[in-house]
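A.B. asks: Below is a structure I'd like to ask you about.
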Amino acid sequence: MSAIQRIALVLTIIGAINWGLIGFFQFDLVAAIFGGQDSALSRIIYGLVGIAGLINLGLLFKPTEEIEREPHTEPTR
């Protein structure tokens with residue numbers, strides 16, 4: 001998994017947690033942290049989470065064998 005896919009996955013998880021908080025507690029964590037739903041920073045975060053979801057959509061169509069057999073490289077020192 002590439003670095004971009006990992007970042008996208010983290011952003012997607014953050015978005016899922018935020019939606020869970022909205023659904024269960026009517027609390028928007030992103031809006032609370034970044035100044036409301038209409039603030040520019042909140043809208044940027046929402047946009048990044050949406051783009052991350054689109055990037056992760058590609059994982060649905062990646063063959064299982066390819067996911068399991070990705071080469072593991074050791075970090076160089």
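Going through the structure tokens in order, the chains are called A, B, and so on, while each chain numbers its residues from 1 and the ligands are numbered from 1 in the order shown.
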Can you tell me, as a PyMOL selection string, what residues are no more than 10 Å from segment 13-22 of chain A when counting only C-alpha atoms, ignoring any on the same chain fewer than 4 positions away?
C.D. replies: chain A and resi 7-9+26-31+45-46+48-50+52-53
A.B. asks: Write out as JSON, numbers by chain the set of residues from chain A that DSSP, computed on the backbone, places in alpha helix (DSSP H).
C.D. replies: {"A": [3, 4, 5, 6, 7, 8, 9, 10, 11, 12, 13, 14, 15, 16, 17, 18, 19, 20, 21, 22, 23, 24, 25, 29, 30, 31, 32, 33, 34, 40, 41, 42, 43, 44, 45, 46, 47, 48, 49, 50, 51, 52, 53, 54, 55, 56, 57, 58, 59, 60, 64, 65, 66, 67, 68]}
A.B. asks: Take atom CA of Ala3 of chain A and atom CA of Ser42 of chain A and report the distance between them in Å, one decimal.
C.D. replies: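 Atom-to-atom, atom CA of Ala3 of chain A and atom CA of Ser42 of chain A are spaced 23.6 Å apart.
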